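The next block holds one structure in the form of structure tokens; read it before the comments.
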Amino acid sequence: MTPSMTYPTSDLAPLTALLTAAGVPEAYVAPAAAALGDRATDVLRSDPWQLLLVPGVGPRQADHFARRLLGDGADPADPRRGAALVTHLMLRAARDGDTSVPVPQVVAALTELKVADPVRAVMNALDEARVMGFAVEPEEPDDLDDDLPEAEEFLALERYATAEEAVAEGIMRLTATAEPFPPDGQEESPATAMAFRHGVSVISGLGFESAARALCAAAGGLRVAVVTATDRSAADLAPLVPGGVVLSLHRLLEAHEAPGGIAFARGEQRPLDAQLVVVMEAPALDLELGAALVEACADGTHLVLAGDPAGLPPAAAGQVFSDVAASGTVPVTRASDPGAPSGPIGALTAAVRLGELPPVDAPDREVVVVPAADPREAVHRTAQLVADSIPGALGVPAGDIQVVTPAQRGDAGAIAVNAALKARLNPGPGAYGGFDIGDRVVVTAALPDAPAGETGTVTGAGEAGLEVTFTAGPSAVPAALVPRLRHGWAITVQTSQGTRWPAVVAVLPAEAGPLLSRALVLTAVSRARRHVSVVHAAGPALAHAVREVHSAPRRTRLTGLLQGR
């Protein structure tokens, strides 16, 4: 679950002329318009270092752009450069999942970037409200005779600081206003008992889905909303949750296009009409979407976050599920066996979760390991599996098979695999913004009709844009919004969070070594319901990653806010 980026529909010709004249590739025009708004051209003329706000642009590129625009006036000591670099460092941290960064760490990074007065640069960024500053009080020492450590100073982008405060305030509001639901007269599971008695609760563990389904069954007399990451997930779960409304968060909050990005019609002024809201695969819920959901829950609503924290954290900044569970302020039910998934896929998932990668006994080929000597062979094997082997041997059509791979780029990254699959499944020149009718696509930044991570098929194309059929139905994607789509036969494991498919091909090449971790492998193999093929080209690095490599911890503020610190 990820926030969207807006691609303005205004005339981009002036911005294109400005950037290309300074040597900036035209591919950066639309992202620059998205990051800087309709006045992007004026913004860059007055402060060329604002180019650092564009994803993919680093200090060297921004300095080069400034020299092309300002000539001799491009001074490395320019205060505008220092303030822009502060924001750039915070955005870079957010891409790694952090919502806040210690001030000394920012100062050290600015020093490495040759900022003459890094402390002044931080102060300028604070004065211009580019970032917010706050102090975190340390926990009291166990020994009362010990001196209390000094508070640590942090910086945060305003959007994330505000969102964390909104989530904390919302969790406390729901906890304070919820009245217990009456028991249904039958024996309640631990997760159901906690959800009925408390305004906010967590179901954590491999068996979260079974526990959440049991909760929904026990809540038959209540207005229940089950929340998923995508419409595909909602359609997948709907038959398993009779009597409840199952919708993607995007659709539940009534998303629509607005200046500045995707906005939601549901919120504090128009809350959800639900007594119980159950968020499935909640570890995929990023901070800003978490804030939107909590704010849309009316006083008295019971909110349940359900998921397995052993998988990857959200694609965007923050970690709502983990922070709420770790705060000690809401009840947490551990959902393990016998609620865990069964069968060979369940056995593999459980083993990976414990750091093991054993052979899996799968007589009906629910799990297949396909060795590959190098990335090129991995791509070749993957194309064979999707186009021929899985449909022929298991009867799963190619449209129900999803390829996941650790990275977007690389010899066996999503781009390379998509090129091979397009050549096999839907050859064509990419005549319409890089796409052809029949291409499979994935939403990388939310559209009005589809959340990020949703996959669909191009069914029409022209100068006005594309017609894409998603799970929820057809959607007209105007030309200005087509950059929010990529080919989607193969997607990154991070993008796949929160959604499952009948069959999954997990490509794990050696080149992905730095990205491989237990959480990534667990997320990849657990995306499949009926069949998973693991294209194994990582050698011993795969077993090492599952056994030893954990996701890097994120620096967030939410747990402390919930604890009153």
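Going by the structure tokens order, chains are called A, B, ..., each with residues numbered from 1, while ligands are numbered from 1 in the order shown.
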Near Val441 (chain A), within 12 Å and counting only C-alpha atoms, which residues show up once chain neighbours fewer than 3 positions away are dropped, as an MDAnalysis selection string? chainID A and resid 399 402 414:415 418 422 434:438 444 450 452:459 466:470 477 482:491
Fewer than 2 positions away in the same chain doesn't count, so skip those; otherwise give me all residues within 9 Å of Leu508 (chain A), counting only C-alpha atoms, as a ChimeraX atom specification. /A:375,378,404-406,412,506,510-513,516,521,534-538,542
Shell of 10 Å around Asp364 (chain A), only C-alpha atoms, local chain residues under 4 positions omitted, as a list in words: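 Result of the neighbour search: Pro344, Val368, Leu394 and His531 of chain A.
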Among region 281-434 of chain A, which residues does DSSP mark as strand (DSSP E) when it is run on the backbone? Keep the chain and numbering as in the structure and answer as number ranges by chain. A: 302-307, 332-334, 367-371, 401-405
Could you please take those selected residues and save C-alpha atoms as a PDB file, in the first residue's frame?
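Output (selection-v1.pdb):
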ATOM      1  CA  HIS A 302     -13.147  -1.240  16.534  1.00  0.00           C
ATOM      2  CA  LEU A 303      -9.996  -1.434  14.381  1.00  0.00           C
ATOM      3  CA  VAL A 304      -8.052  -4.689  13.918  1.00  0.00           C
ATOM      4  CA  LEU A 305      -4.653  -4.849  12.203  1.00  0.00           C
ATOM      5  CA  ALA A 306      -3.954  -8.402  10.994  1.00  0.00           C
ATOM      6  CA  GLY A 307      -0.810  -9.725   9.372  1.00  0.00           C
ATOM      7  CA  VAL A 332      -1.663  -8.328  20.468  1.00  0.00           C
ATOM      8  CA  THR A 333      -2.854 -11.876  19.701  1.00  0.00           C
ATOM      9  CA  ARG A 334      -0.235 -14.268  18.322  1.00  0.00           C
ATOM     10  CA  VAL A 367       6.128 -26.060  -4.899  1.00  0.00           C
ATOM     11  CA  VAL A 368       8.774 -26.451  -7.618  1.00  0.00           C
ATOM     12  CA  VAL A 369      12.395 -25.300  -7.500  1.00  0.00           C
ATOM     13  CA  VAL A 370      13.887 -24.509 -10.917  1.00  0.00           C
ATOM     14  CA  PRO A 371      17.667 -24.052 -10.828  1.00  0.00           C
ATOM     15  CA  ILE A 401       0.455 -16.272 -12.779  1.00  0.00           C
ATOM     16  CA  GLN A 402       2.454 -13.465 -11.237  1.00  0.00           C
ATOM     17  CA  VAL A 403       6.240 -13.216 -11.472  1.00  0.00           C
ATOM     18  CA  VAL A 404       7.989 -11.503  -8.568  1.00  0.00           C
ATOM     19  CA  THR A 405      11.659 -10.548  -8.440  1.00  0.00           C
TER      20      THR A 405
END
Env of Pro391 (chain A): 10 Å cut, atoms = only C-alpha atoms, seq-sep filter 6 positions within chain, self excluded. Answer as a list in words.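 So, after excluding close chain neighbours, the residues are Leu385, Pro397, Ala398, Gly399, Asp400, Ile401 and Ala503 of chain A.
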Nearest to Leu562 (chain A): which of A:Arg173, A:Arg92, A:Arg213, A:Arg159 is it, counting only C-alpha atoms?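 Residue with the minimum atom-to-atom distance to Leu562 (chain A): A:Arg173.
Residues surrounding Thr87 (chain A) within 8 Å are Leu53, Ala83, Ala84, Met90, Leu91, Ala125, Arg130, Val131 and Leu157 of chain A [only C-alpha atoms; sequence separation below 3 positions excluded].
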Same residues, all heavy atoms, output as a compact mmCIF listing (two decimals), in the first residue's frame:
# COMPACT_ATOMS: atom_id res chain seq x y z
N LEU A 53 14.43 17.37 -5.43
CA LEU A 53 13.17 16.78 -4.98
C LEU A 53 12.64 15.73 -5.95
O LEU A 53 11.70 15.00 -5.62
CB LEU A 53 12.11 17.88 -4.80
CG LEU A 53 12.41 18.97 -3.76
CD1 LEU A 53 11.25 19.93 -3.67
CD2 LEU A 53 12.70 18.35 -2.41
N ALA A 83 19.95 24.02 1.98
CA ALA A 83 18.59 23.70 2.42
C ALA A 83 17.98 22.60 1.55
O ALA A 83 17.29 21.70 2.05
CB ALA A 83 17.72 24.96 2.37
N ALA A 84 18.25 22.65 0.23
CA ALA A 84 17.72 21.61 -0.65
C ALA A 84 18.34 20.26 -0.34
O ALA A 84 17.68 19.22 -0.40
CB ALA A 84 17.96 21.99 -2.11
N MET A 90 16.47 13.83 3.66
CA MET A 90 15.28 13.32 4.33
C MET A 90 14.44 12.46 3.39
O MET A 90 13.88 11.44 3.80
CB MET A 90 14.45 14.49 4.87
CG MET A 90 15.18 15.35 5.90
SD MET A 90 15.78 14.41 7.32
CE MET A 90 14.25 13.77 7.95
N LEU A 91 14.36 12.86 2.12
CA LEU A 91 13.63 12.06 1.14
C LEU A 91 14.32 10.73 0.91
O LEU A 91 13.67 9.69 0.76
CB LEU A 91 13.51 12.83 -0.18
CG LEU A 91 12.53 14.00 -0.19
CD1 LEU A 91 12.71 14.82 -1.47
CD2 LEU A 91 11.10 13.51 -0.09
N ALA A 125 16.66 25.13 6.57
CA ALA A 125 15.59 24.21 6.19
C ALA A 125 14.44 24.26 7.19
O ALA A 125 13.27 24.18 6.83
CB ALA A 125 16.14 22.79 6.06
N ARG A 130 10.85 23.40 5.45
CA ARG A 130 11.08 22.24 4.60
C ARG A 130 11.08 20.97 5.44
O ARG A 130 10.73 19.90 4.93
CB ARG A 130 12.40 22.38 3.85
CG ARG A 130 12.47 23.60 2.95
CD ARG A 130 13.69 23.53 2.05
NE ARG A 130 13.87 24.78 1.31
CZ ARG A 130 14.59 24.89 0.20
NH1 ARG A 130 15.17 23.82 -0.32
NH2 ARG A 130 14.73 26.04 -0.40
N VAL A 131 11.53 21.09 6.67
CA VAL A 131 11.54 19.95 7.58
C VAL A 131 11.05 20.44 8.94
O VAL A 131 10.97 21.65 9.20
CB VAL A 131 12.95 19.33 7.73
CG1 VAL A 131 13.42 18.71 6.42
CG2 VAL A 131 13.95 20.36 8.23
N LEU A 157 10.40 15.12 7.66
CA LEU A 157 9.59 15.83 6.68
C LEU A 157 8.20 16.05 7.27
O LEU A 157 7.66 15.18 7.95
CB LEU A 157 9.49 15.03 5.39
CG LEU A 157 10.80 14.88 4.59
CD1 LEU A 157 10.59 13.90 3.44
CD2 LEU A 157 11.26 16.22 4.06
